[in-house]
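Novice: Contents of protein.cif (mmCIF, C-alpha atoms):
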data_final
#
loop_
_atom_site.label_atom_id
_atom_site.label_comp_id
_atom_site.auth_asym_id
_atom_site.auth_seq_id
_atom_site.Cartn_x
_atom_site.Cartn_y
_atom_site.Cartn_z
CA MET M 1 -25.96 10.75 -31.47
CA LYS M 2 -29.43 9.52 -32.08
CA GLY M 3 -30.73 6.73 -29.93
CA ASP M 4 -30.63 3.95 -32.47
CA GLU M 5 -27.11 4.86 -33.55
CA VAL M 6 -25.91 4.86 -29.95
CA CYS M 7 -27.39 1.48 -29.24
CA GLN M 8 -25.95 0.01 -32.38
CA GLU M 9 -22.55 1.36 -31.48
CA ALA M 10 -22.85 -0.13 -28.00
CA GLN M 11 -23.65 -3.50 -29.51
CA ASP M 12 -20.78 -3.19 -31.96
CA LEU M 13 -18.40 -2.52 -29.09
CA LEU M 14 -19.51 -5.72 -27.43
CA ARG M 15 -18.61 -7.75 -30.48
CA PHE M 16 -14.91 -6.93 -30.29
CA ASP M 17 -14.41 -9.71 -27.79
CA SER M 18 -11.55 -11.16 -29.80
CA ASP M 19 -9.60 -7.94 -29.59
CA PRO M 20 -9.60 -6.59 -26.04
CA GLY M 21 -7.31 -3.82 -27.16
CA VAL M 22 -10.04 -2.22 -29.22
CA LEU M 23 -12.48 -2.35 -26.34
CA TYR M 24 -9.88 -0.83 -24.09
CA HIS M 25 -9.27 2.00 -26.51
CA ALA M 26 -12.97 2.71 -26.82
CA THR M 27 -13.17 3.40 -23.09
CA GLU M 28 -10.14 5.63 -22.88
CA VAL M 29 -11.90 8.94 -22.64
CA GLY M 30 -12.39 11.54 -20.00
CA PRO M 31 -10.71 14.81 -19.16
CA THR M 32 -7.99 13.12 -17.19
CA GLY M 33 -7.40 10.50 -19.88
CA ARG M 34 -7.83 7.77 -17.34
CA LYS M 35 -8.53 4.47 -18.95
CA ASP M 36 -11.26 3.61 -16.47
CA MET M 37 -13.55 6.48 -17.40
CA ALA M 38 -16.13 5.94 -20.11
CA ALA M 39 -18.44 8.38 -21.81
CA SER M 40 -22.09 8.02 -21.05
CA LEU M 41 -23.39 4.75 -22.29
CA GLN M 42 -26.87 4.38 -23.54
CA ILE M 43 -28.37 0.98 -23.80
CA HIS M 44 -31.85 -0.17 -24.47
CA GLU M 45 -33.23 -2.06 -21.52
CA GLU M 46 -34.23 -4.84 -23.84
CA ASN M 47 -30.66 -5.06 -25.06
CA LEU M 48 -29.52 -5.27 -21.45
CA HIS M 49 -31.62 -8.40 -21.02
CA LYS M 50 -30.40 -9.73 -24.34
CA MET M 51 -26.78 -9.18 -23.40
CA LYS M 52 -27.36 -10.99 -20.14
CA ALA M 53 -28.97 -13.93 -21.90
CA GLU M 54 -26.16 -14.21 -24.42
CA GLY M 55 -23.46 -14.14 -21.78
CA GLU M 56 -22.01 -10.81 -22.86
CA MET M 57 -22.14 -9.19 -19.44
CA ASP M 58 -18.43 -9.66 -18.70
CA GLN M 59 -17.56 -7.46 -21.65
CA VAL M 60 -19.94 -4.77 -20.50
CA LYS M 61 -18.38 -4.88 -17.03
CA GLY M 62 -15.09 -3.76 -18.47
CA LEU M 63 -16.57 -0.50 -19.73
CA GLU M 64 -16.97 0.91 -16.20
CA SER M 65 -19.18 3.82 -17.21
CA GLU M 66 -20.26 6.45 -14.75
CA GLU M 67 -23.37 7.68 -16.51
CA MET M 68 -26.06 5.57 -17.95
CA CYS M 69 -29.41 5.82 -19.58
CA VAL M 70 -31.47 2.67 -19.46
CA GLY M 71 -35.05 2.58 -20.43
CA THR M 72 -37.61 1.19 -22.78
CA LYS M 73 -36.94 4.02 -25.23
CA PRO M 74 -33.60 5.46 -26.19
CA LEU M 75 -32.58 8.85 -24.81
CA CYS M 76 -35.23 9.01 -22.13
CA SER M 77 -35.64 12.60 -21.10
CA THR M 78 -37.50 11.93 -17.91
CA MET M 79 -36.66 9.63 -15.03
CA PRO M 80 -38.55 6.38 -15.52
CA GLU M 81 -39.79 4.27 -12.68
CA LYS M 82 -36.92 3.08 -10.57
CA PRO M 83 -35.50 0.05 -12.35
CA THR M 84 -36.03 -3.15 -10.43
CA ASN M 85 -32.62 -4.28 -11.60
CA MET M 86 -30.74 -1.47 -9.78
CA GLY M 87 -28.70 -4.04 -7.92
CA GLU M 88 -27.81 -5.74 -11.22
CA LEU M 89 -26.89 -2.40 -12.74
CA LEU M 90 -24.56 -1.57 -9.87
CA ASP M 91 -22.96 -4.99 -10.03
CA LEU M 92 -22.22 -4.44 -13.71
CA PHE M 93 -21.24 -0.80 -13.43
CA PRO M 94 -19.84 -0.28 -9.94
CA LYS M 95 -18.65 3.21 -10.83
CA LEU M 96 -22.12 4.38 -11.82
CA LEU M 97 -22.85 7.76 -10.28
CA SER M 98 -25.82 9.03 -12.26
CA LEU M 99 -28.77 7.51 -14.03
CA HIS M 100 -30.74 9.37 -16.68
CA ALA M 101 -28.68 12.48 -15.97
CA GLN M 102 -29.68 12.47 -12.31
CA ASP M 103 -27.15 11.75 -9.57
CA LEU M 104 -27.78 8.59 -7.64
CA PRO M 105 -28.16 9.20 -3.90
CA LEU M 106 -25.36 7.74 -1.84
CA SER M 107 -27.82 5.44 -0.09
CA VAL M 108 -28.17 3.51 -3.35
CA PHE M 109 -24.66 2.22 -2.78
CA SER M 110 -25.62 0.66 0.52
CA ASP M 111 -27.12 -2.78 0.42
CA THR M 112 -29.21 -2.16 3.47
CA GLY M 113 -30.58 1.17 4.51
CA ASP M 114 -31.13 2.37 8.02
CA ASP M 115 -30.09 -0.62 10.08
CA LYS M 116 -26.33 -0.25 9.66
CA LYS M 117 -24.43 0.42 12.84
CA LEU M 118 -20.77 1.04 13.50
CA PRO M 119 -18.88 -1.94 14.91
CA VAL M 120 -18.20 -1.72 18.64
CA CYS M 121 -14.77 -0.20 19.33
CA GLU M 122 -12.40 -2.70 20.89
CA GLY M 123 -9.13 -2.25 22.73
CA SER M 124 -5.57 -2.95 21.64
CA VAL M 125 -4.72 -5.54 19.02
CA TYR M 126 -1.43 -7.38 19.49
CA GLY M 127 -1.66 -10.50 17.38
CA SER M 128 -0.26 -12.77 20.09
CA GLU M 129 0.91 -12.73 23.72
CA THR M 130 4.52 -12.92 22.53
CA LEU M 131 4.11 -9.82 20.40
CA LYS M 132 2.27 -8.05 23.22
CA ASP M 133 5.20 -8.68 25.54
CA LEU M 134 7.64 -7.58 22.87
CA VAL M 135 5.79 -4.34 22.16
CA TRP M 136 5.43 -3.42 25.82
CA LYS M 137 9.07 -4.17 26.56
CA PHE M 138 9.94 -1.82 23.72
CA LEU M 139 7.49 0.92 24.80
CA LYS M 140 8.68 0.89 28.41
CA GLN M 141 12.32 1.10 27.41
CA TYR M 142 11.70 3.72 24.76
CA TYR M 143 9.61 6.10 26.83
CA SER M 144 11.70 5.74 29.97
CA ILE M 145 14.47 7.36 27.92
CA TYR M 146 12.24 9.70 25.89
CA ASP M 147 10.53 11.04 29.05
CA GLY M 148 13.50 10.56 31.33
CA GLY M 149 15.48 13.46 29.97
CA ASP M 150 18.50 12.40 27.95
CA ARG M 151 17.17 11.50 24.52
CA GLN M 152 20.70 11.12 23.23
CA SER M 153 20.55 7.53 24.44
CA LEU M 154 17.91 6.77 21.82
CA LEU M 155 20.67 6.63 19.21
CA SER M 156 21.03 2.91 19.83
CA ALA M 157 17.28 2.36 19.26
CA TYR M 158 17.39 3.56 15.66
CA HIS M 159 18.74 2.06 12.46
CA ASP M 160 21.56 4.08 10.86
CA ASN M 161 19.25 5.05 7.98
CA ALA M 162 16.03 5.42 9.93
CA CYS M 163 13.44 8.05 8.97
CA PHE M 164 11.33 10.11 11.31
CA SER M 165 8.56 12.57 10.49
CA LEU M 166 6.28 14.71 12.60
CA SER M 167 2.77 15.91 11.78
CA THR M 168 1.24 18.68 13.78
CA PRO M 169 -2.16 19.54 12.31
CA PHE M 170 -2.66 23.25 12.80
CA ASN M 171 -6.08 24.83 13.20
CA PRO M 172 -5.72 28.55 12.49
CA GLU M 173 -9.12 29.20 14.09
CA GLU M 174 -7.90 28.05 17.48
CA PRO M 175 -4.30 29.18 17.71
CA SER M 176 -4.39 29.14 21.51
CA LEU M 177 -4.65 25.36 21.46
CA VAL M 178 -1.57 24.86 19.38
CA SER M 179 1.66 24.72 21.33
CA TRP M 180 3.15 22.23 18.91
CA GLY M 181 2.30 24.67 16.13
CA LYS M 182 5.74 26.18 16.64
CA PHE M 183 7.02 22.96 15.07
CA SER M 184 4.74 23.37 12.09
CA LYS M 185 7.74 24.34 9.97
CA ASP M 186 9.05 20.88 10.74
CA SER M 187 5.69 19.26 10.15
CA ARG M 188 5.48 16.90 7.27
CA ALA M 189 1.69 16.96 7.10
CA MET M 190 1.61 16.89 3.33
CA LYS M 191 -1.65 18.75 2.84
CA GLN M 192 -0.06 21.74 4.56
CA LEU M 193 3.21 21.63 2.66
CA LYS M 194 3.11 24.04 -0.23
CA ASP M 195 6.08 22.52 -1.94
CA VAL M 196 6.37 18.74 -2.19
CA GLY M 197 10.11 19.27 -2.43
CA LEU M 198 10.02 20.20 1.25
CA CYS M 199 9.10 16.60 1.98
CA VAL M 200 12.75 15.71 1.73
CA GLN M 201 13.95 18.62 3.84
CA VAL M 202 11.62 18.20 6.82
CA MET M 203 11.99 14.43 7.07
CA LYS M 204 14.66 13.51 9.60
CA HIS M 205 16.93 10.94 8.03
CA THR M 206 19.65 8.99 9.87
CA LYS M 207 19.63 8.33 13.56
CA ARG M 208 21.88 11.28 14.29
CA GLU M 209 19.49 13.77 12.69
CA ILE M 210 16.51 12.17 14.42
CA VAL M 211 17.97 12.27 17.88
CA ASP M 212 19.22 15.84 17.40
CA PHE M 213 15.63 16.82 16.55
CA PHE M 214 14.25 15.06 19.64
CA ARG M 215 16.45 17.24 21.78
CA VAL M 216 14.57 20.38 20.69
CA LEU M 217 11.09 18.87 21.13
CA PRO M 218 9.31 19.58 24.42
CA LYS M 219 9.98 17.38 27.41
CA THR M 220 7.14 14.97 27.97
CA GLN M 221 5.49 12.61 30.42
CA HIS M 222 3.51 9.86 28.68
CA ASP M 223 0.45 8.27 30.25
CA PHE M 224 0.90 4.52 29.80
CA SER M 225 -2.61 3.79 31.03
CA SER M 226 -3.98 5.66 28.01
CA PHE M 227 -1.99 3.70 25.44
CA VAL M 228 -3.85 1.78 22.76
CA VAL M 229 -1.74 -0.40 20.49
CA ASP M 230 -2.63 -1.64 17.02
CA MET M 231 -0.33 -4.28 15.58
CA CYS M 232 -0.54 -3.55 11.85
CA VAL M 233 1.89 -6.26 10.75
CA PRO M 234 2.03 -9.06 13.31
CA ARG M 235 5.45 -10.56 12.55
CA GLU M 236 8.36 -10.85 14.93
CA LYS M 237 10.88 -10.18 12.18
CA MET M 238 9.26 -6.92 11.12
CA LEU M 239 7.14 -5.12 13.66
CA CYS M 240 4.81 -2.42 12.47
CA PHE M 241 2.48 -1.04 15.07
CA SER M 242 0.74 2.16 16.10
CA VAL M 243 0.44 3.42 19.65
CA GLY M 244 -1.90 6.22 20.59
CA GLY M 245 -2.60 7.99 23.83
CA LYS M 246 -1.89 11.07 25.89
CA PHE M 247 1.14 12.85 27.22
CA LYS M 248 1.87 16.02 29.17
CA GLU M 249 4.40 18.61 28.21
CA VAL M 250 6.52 19.20 31.29
CA GLY M 251 9.28 21.50 32.37
CA GLY M 252 8.07 24.56 30.50
CA MET M 253 7.16 28.00 31.77
CA CYS M 254 3.42 27.52 31.23
CA GLU M 255 0.95 25.20 32.86
CA ALA M 256 1.48 21.62 31.67
CA ARG M 257 -0.38 21.07 28.43
CA VAL M 258 -1.93 17.72 27.65
CA CYS M 259 -1.68 16.43 24.10
CA THR M 260 -2.90 13.41 22.24
CA PHE M 261 -0.61 11.54 19.94
CA THR M 262 -0.44 8.64 17.55
CA ARG M 263 2.93 7.15 16.75
CA THR M 264 3.65 4.50 14.15
CA PHE M 265 6.84 2.48 14.42
CA VAL M 266 8.38 0.05 11.97
CA LEU M 267 11.14 -2.10 13.47
CA ILE M 268 13.41 -4.62 11.77
CA PRO M 269 16.25 -6.78 13.04
CA ASP M 270 19.62 -5.06 13.22
CA SER M 271 22.98 -6.68 12.46
CA ASP M 272 22.99 -8.25 15.92
CA SER M 273 19.40 -9.51 15.53
CA SER M 274 17.92 -7.07 18.00
CA LEU M 275 15.04 -4.97 16.72
CA CYS M 276 15.71 -1.35 15.78
CA ILE M 277 13.48 1.43 14.52
CA VAL M 278 13.63 2.05 10.80
CA LYS M 279 10.50 4.22 10.43
CA ASP M 280 8.95 6.47 13.06
CA GLN M 281 5.98 8.73 12.37
CA LEU M 282 4.52 10.93 15.09
CA THR M 283 1.25 12.89 14.93
CA VAL M 284 0.60 15.28 17.79
CA THR M 285 -2.60 17.18 18.40
CA ASP M 286 -3.34 19.59 21.19
CA VAL M 287 -6.35 18.93 23.30
CA ASN M 288 -8.45 21.51 25.08
CA PRO M 289 -7.03 21.41 28.62
CA LYS M 290 -10.49 21.76 30.14
CA GLU M 291 -11.69 18.60 28.41
CA ILE M 292 -8.75 16.39 29.15
CA GLN M 293 -7.14 17.48 32.39
CA SER M 294 -9.53 15.64 34.65
CA THR M 295 -9.11 12.38 32.77
CA PHE M 296 -5.33 12.32 32.81
CA PHE M 297 -3.51 9.72 34.81
CA SER M 298 -2.60 11.00 38.27
CA PRO M 299 0.89 12.45 38.74
CA GLY M 300 3.70 10.04 39.41
CA PRO M 301 5.82 7.69 37.38
CA CYS M 302 3.86 6.61 34.38
CA PHE M 303 5.47 3.22 34.13
CA GLY M 304 3.85 -0.13 34.53
CA GLY M 305 2.14 -2.65 32.39
CA PRO M 306 -0.42 -2.29 29.65
CA PRO M 307 -3.78 -0.90 30.67
CA SER M 308 -6.63 -3.37 31.16
CA GLN M 309 -8.57 -4.02 28.00
CA LYS M 310 -11.35 -1.50 27.84
CA GLN M 311 -13.32 0.18 25.15
CA GLN M 312 -12.04 3.49 23.90
CA MET O 1 22.21 -0.01 -8.85
CA SER O 2 21.70 2.35 -5.96
CA VAL O 3 19.03 4.98 -6.03
CA ASP O 4 19.56 8.06 -3.94
CA PHE O 5 17.41 8.82 -0.93
CA LYS O 6 15.71 11.85 -2.50
CA THR O 7 14.39 9.73 -5.35
CA TYR O 8 12.85 7.27 -2.91
CA VAL O 9 11.23 10.10 -0.97
CA ASP O 10 9.83 11.68 -4.15
CA GLN O 11 8.41 8.34 -5.22
CA ALA O 12 6.85 7.73 -1.84
CA CYS O 13 5.30 11.21 -1.71
CA ARG O 14 3.76 10.83 -5.14
CA ALA O 15 2.43 7.40 -4.30
CA ALA O 16 1.01 8.65 -1.01
CA GLU O 17 -0.79 11.64 -2.53
CA GLU O 18 -2.29 9.60 -5.33
CA PHE O 19 -3.26 6.78 -3.01
CA VAL O 20 -4.95 9.01 -0.42
CA HIS O 21 -7.00 10.70 -3.13
CA ILE O 22 -8.08 7.40 -4.67
CA TYR O 23 -8.76 5.64 -1.38
CA TYR O 24 -11.05 8.27 0.17
CA GLU O 25 -12.80 9.02 -3.11
CA THR O 26 -13.52 5.31 -3.48
CA MET O 27 -14.56 4.96 0.15
CA ASP O 28 -17.03 7.83 -0.11
CA LYS O 29 -18.49 7.32 -3.57
CA ARG O 30 -17.78 3.80 -4.76
CA ARG O 31 -17.41 1.70 -1.68
CA ARG O 32 -18.43 -1.48 -3.48
CA VAL O 33 -15.10 -1.49 -5.32
CA LEU O 34 -12.95 -0.52 -2.33
CA PRO O 35 -11.88 -4.15 -1.64
CA ARG O 36 -10.08 -4.16 -5.01
CA LEU O 37 -7.42 -1.90 -3.50
CA TYR O 38 -6.44 -4.59 -1.01
CA LEU O 39 -4.18 -7.59 -1.38
CA ASP O 40 -5.97 -10.92 -1.00
CA THR O 41 -3.89 -11.42 2.14
CA ALA O 42 -4.37 -7.90 3.54
CA THR O 43 -5.25 -7.23 7.17
CA LEU O 44 -7.64 -4.52 8.25
CA LEU O 45 -7.80 -3.23 11.81
CA TRP O 46 -10.78 -1.02 12.54
CA ASN O 47 -10.96 0.33 16.08
CA GLY O 48 -9.67 -2.94 17.40
CA ASN O 49 -11.75 -5.16 15.10
CA VAL O 50 -9.51 -7.50 13.12
CA VAL O 51 -10.57 -8.38 9.57
CA THR O 52 -8.54 -10.60 7.26
CA GLY O 53 -8.97 -11.90 3.73
CA MET O 54 -10.83 -10.53 0.76
CA ASP O 55 -14.21 -11.95 1.78
CA GLY O 56 -13.90 -10.56 5.28
CA ILE O 57 -12.86 -7.12 4.05
CA THR O 58 -15.65 -7.04 1.45
CA ASN O 59 -18.27 -7.97 4.03
CA PHE O 60 -16.89 -5.45 6.50
CA PHE O 61 -17.17 -2.50 4.15
CA GLU O 62 -20.62 -3.57 3.01
CA MET O 63 -21.98 -3.42 6.53
CA LEU O 64 -20.28 -0.16 7.52
CA PRO O 65 -22.64 2.85 7.45
CA SER O 66 -21.96 5.42 4.76
CA LYS O 67 -19.62 8.23 5.70
CA GLN O 68 -17.99 11.40 4.58
CA ALA O 69 -14.34 12.09 5.35
CA THR O 70 -12.62 15.51 5.08
CA PRO O 71 -7.26 13.20 3.19
CA SER O 72 11.50 -6.41 -6.44
CA GLN O 73 8.61 -5.28 -3.36
CA SER O 74 8.62 -1.54 -2.27
CA THR O 75 6.49 -0.57 0.70
CA VAL O 76 5.21 2.85 1.61
CA LEU O 77 3.79 3.86 4.96
CA VAL O 78 0.96 6.39 4.66
CA VAL O 79 -0.45 8.00 7.78
CA THR O 80 -3.61 10.08 7.63
CA SER O 81 -5.70 11.82 10.23
CA GLY O 82 -8.77 13.99 10.20
CA THR O 83 -12.42 13.92 11.12
CA VAL O 84 -15.05 11.48 9.96
CA LYS O 85 -18.76 11.24 10.46
CA PHE O 86 -20.66 8.02 9.89
CA ASP O 87 -24.43 8.13 9.43
CA GLY O 88 -26.13 7.80 12.79
CA SER O 89 -23.00 8.70 14.76
CA HIS O 90 -21.38 11.90 15.96
CA PRO O 91 -18.16 13.15 14.32
CA HIS O 92 -14.88 11.56 15.42
CA TYR O 93 -11.26 12.48 15.06
CA TYR O 94 -9.44 9.54 13.52
CA ASN O 95 -5.99 8.28 12.69
CA GLN O 96 -5.36 5.78 9.97
CA ASN O 97 -2.22 4.21 8.60
CA PHE O 98 -1.66 2.07 5.53
CA LEU O 99 1.20 -0.08 4.41
CA LEU O 100 1.20 -0.09 0.63
CA THR O 101 3.15 -2.56 -1.40
CA ALA O 102 3.97 -2.34 -5.08
CA GLN O 103 3.17 -5.23 -7.39
CA SER O 104 5.05 -4.86 -10.64
CA THR O 105 4.16 -6.40 -13.98
CA PRO O 106 6.03 -5.78 -17.24
CA ASN O 107 3.54 -3.04 -18.19
CA GLN O 108 2.78 -1.27 -14.97
CA THR O 109 3.19 -1.08 -11.22
CA VAL O 110 0.08 -1.43 -9.11
CA TRP O 111 0.03 -0.40 -5.48
CA LYS O 112 -2.12 -2.48 -3.13
CA ILE O 113 -2.94 -2.16 0.54
CA ALA O 114 -1.17 -4.79 2.65
CA SER O 115 -2.43 -3.42 5.95
CA ASP O 116 -4.97 -0.80 6.96
CA CYS O 117 -5.26 0.36 10.57
CA PHE O 118 -8.02 2.76 11.57
CA ARG O 119 -8.68 4.14 15.05
CA PHE O 120 -10.91 6.86 16.43
CA GLN O 121 -9.00 9.39 18.46
CA ASP O 122 -11.50 10.09 21.22
CA TRP O 123 -9.20 10.10 24.20
CA SER O 124 -11.20 12.73 26.04
CA ASN O 125 -14.24 10.46 26.06
CA ASN O 126 -12.66 7.76 28.27
#
Reformat the file's structure so that it appears as C-alpha cells.

Specialist:
Amino acid sequence: MKGDEVCQEAQDLLRFDSDPGVLYHATEVGPTGRKDMAASLQIHEENLHKMKAEGEMDQVKGLESEEMCVGTKPLCSTMPEKPTNMGELLDLFPKLLSLHAQDLPLSVFSDTGDDKKLPVCEGSVYGSETLKDLVWKFLKQYYSIYDGGDRQSLLSAYHDNACFSLSTPFNPEEPSLVSWGKFSKDSRAMKQLKDVGLCVQVMKHTKREIVDFFRVLPKTQHDFSSFVVDMCVPREKMLCFSVGGKFKEVGGMCEARVCTFTRTFVLIPDSDSSLCIVKDQLTVTDVNPKEIQSTFFSPGPCFGGPPSQKQQ
Amino acid sequence: MSVDFKTYVDQACRAAEEFVHIYYETMDKRRRVLPRLYLDTATLLWNGNVVTGMDGITNFFEMLPSKQATPSQSTVLVVTSGTVKFDGSHPHYYNQNFLLTAQSTPNQTVWKIASDCFRFQDWSNN
C-alpha cells in the first residue's frame, strides 16, 4: 500500500467506533489467527497527535499492533531520531516489538535502566501464626511417616480421589547426578513427555495408587532445618502451600545421595472436617554431592520445629 | 452431569501448556501487560516477598530487572521449574507454582492467575 492510502485506511478504521465488531474483525490477522495480532500499522506522526487531541486513543489501543512505522513522512525507510513519545507509544501499543522494521531492544520495556535490583530474598511465608502452626503440625506428622519406613500409613492422609505427580528433571549431560532418573518413566514433567496422553497414565490417582507408588520410591531422611514454606493460598479451609528443602536417600547400596526437592500440597477438609491431601506435586533434583554434603544437617533425627527465619 | 477423570486431566494439561507458553513469553517480551493475567485479588509470592492487589503486582513487575527464562470455578495447579537469569545477577534454579482459575462468560472462558509463588532453589548456597 502507498503511504497515503495506508494512513487513510487507519483513519477509516478509527471511525468505526459505533461498531466494535468491525474493528475487531480488522485486527484478526496473523498466521495463528489470534485476534490480538494486527498487521503492521502505519500512522503519520501528525495523525497520532490529532488522534490524541480528538480523544480517539482508546480505539487505537484496541488494535494491539506489534509493528509500527511512525514518522513525519509515510513509509520511512530509515530509522528517524528516537521519538520522544516512546513511552506514549508503548502505553498505546504494549505489544509493540519493532519500530520502523527494527526490533526494539528489551531495555525499552523497562521504565528505568540500570538501577533495577532484585528484591532481597526472604524466608518462609505463612500468612499467620495459626497457619504456621497448622503447616508444621502437618509436615512433622507427614514426614515422620514418610521417612519412618511404613508409608502405608499415609493412606489416611489422602483424599480418596487425590492426585499425585512426580517431576524429575533429567540432564542427559550429567547422568551420574541422576539417581531419580530411574523414575523418569513415571515423571510427569510435561516438556519431557512425548505424548500428552501419557499425562493420564503417569499421574497417580486415588490414595491407594499414590501410596503404592510411595512404597517403590527411595527411603528418605528429610532435613527440617532446610525447609522453606510458601503459603500460596492462606485459608484454613483450603491450604495450598509449597515446601522446599533437602533430603538424603538412605538405606541403599551406594553412599547416601542428597537431593533437593519442592513439594506442593493442596489440602481440603475431609468428611470429618480434618484436612486431607487432595493434590500433591513433588519435584526432585539431584545435587552434586560435593557441593551439598557439607551443608547438610548433621545426622540424627531430623524432627523439631521450623528453622529460624533466615535468608535463603 | 459427571465428567470422567481423563477429560479433566486433558483439560488441565492443555490449559497448563498454553498458560506456561503465554506467561513466560509475556514475562520476557511484554512485561508491561503481565499484570493482566492476574485476578484483581491475586497474591504473588516472590522469594518470600508478599505482593497483593493489582497495583502492587503491577509495581512489582515494573521494578524487577529484565530476565530471560528457559517453561461454575475450575482451578488448575501448574508447577514449573528451570533456570533464570536476571540482569545483574548470576543464574538461579527456580521453582514456581500457579493456581489458575477459570472465569467463564457466555462467549469464552478466560483463565486468570489466582496465586503465583516463585522461589529460587539455591539450597547449596546456605

Novice: Counting all atoms listed in the file, which residues of chain M fall within 6 Å of chain O, and what is the closest atom pair for each with its distance in Å at one decimal, ordered by chain and rising number, as a Markdown table?

Specialist:
| residue | atom | partner | partner_atom | distance |
| --- | --- | --- | --- | --- |
| M:Lys116 | CA | O:Pro65 | CA | 5.3 |
| M:Cys121 | CA | O:Asn47 | CA | 5.0 |
| M:Glu122 | CA | O:Gly48 | CA | 4.4 |
| M:Gly123 | CA | O:Gly48 | CA | 5.4 |
| M:Ser124 | CA | O:Gly48 | CA | 5.9 |
| M:Val125 | CA | O:Gly48 | CA | 5.8 |
| M:Ile292 | CA | O:Ser124 | CA | 5.4 |

Novice: Between atom CA of Met203 of chain M and atom CA of Val278 of chain M, what is the distance, to one decimal in Å?

Specialist: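 Between atom CA of Met203 of chain M and atom CA of Val278 of chain M the gap works out to 13.0 Å.
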
Novice: Could you tell me which residues the PyMOL selection byres ((chain M and resi 221-223) around 8) grabs in this file, written as a PyMOL selection string?

Specialist: chain M and resi 143+147+219-220+224-227+245-250+296-297+302

Novice: Please indicate the distance in Å from atom CA of Leu166 of chain M to atom CA of Pro234 of chain M, rounded to one decimal place.

Specialist: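 Separation of atom CA of Leu166 of chain M and atom CA of Pro234 of chain M: 24.2 Å.
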
Novice: Quick one: apply the PyMOL selection byres ((chain O and resi 35-40) around 7) to the file and drop the selected residues here as a count of residues only.

Specialist: 11

Novice: Quick check, in Å to one decimal: how far apart do atom CA of Tyr146 of chain M and atom CA of Val216 of chain M lie?

Specialist: 12.1 Å

Novice: Considering all atoms listed in the file, can you say which of M:His159, M:Lys132, M:Arg215, M:Lys204 comes closest to Val266 of chain M?

Specialist: M:His159

Novice: If you count all atoms listed in the file, which residues fall within 9 Å of Tyr126 of chain M, apart from same-chain ones fewer than 6 positions away, as an MDAnalysis selection string?

Specialist: chainID M and resid 132 135 229:232 234 241

Novice: With the PyMOL selection byres ((chain M and resi 259) around 7) as the selection, what would be picked from this file? Answer as a PyMOL selection string, please.

Specialist: chain M and resi 246-248+257-258+260-261+284-287

Novice: For Val76 of chain O, which of O:Met27, O:Phe19, O:Thr101, O:Asn59 is the closest residue, counting all atoms listed in the file?

Specialist: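 Checking each of O:Met27, O:Phe19, O:Thr101, O:Asn59 against Val76 of chain O, counting all atoms listed in the file, the winner is O:Thr101.
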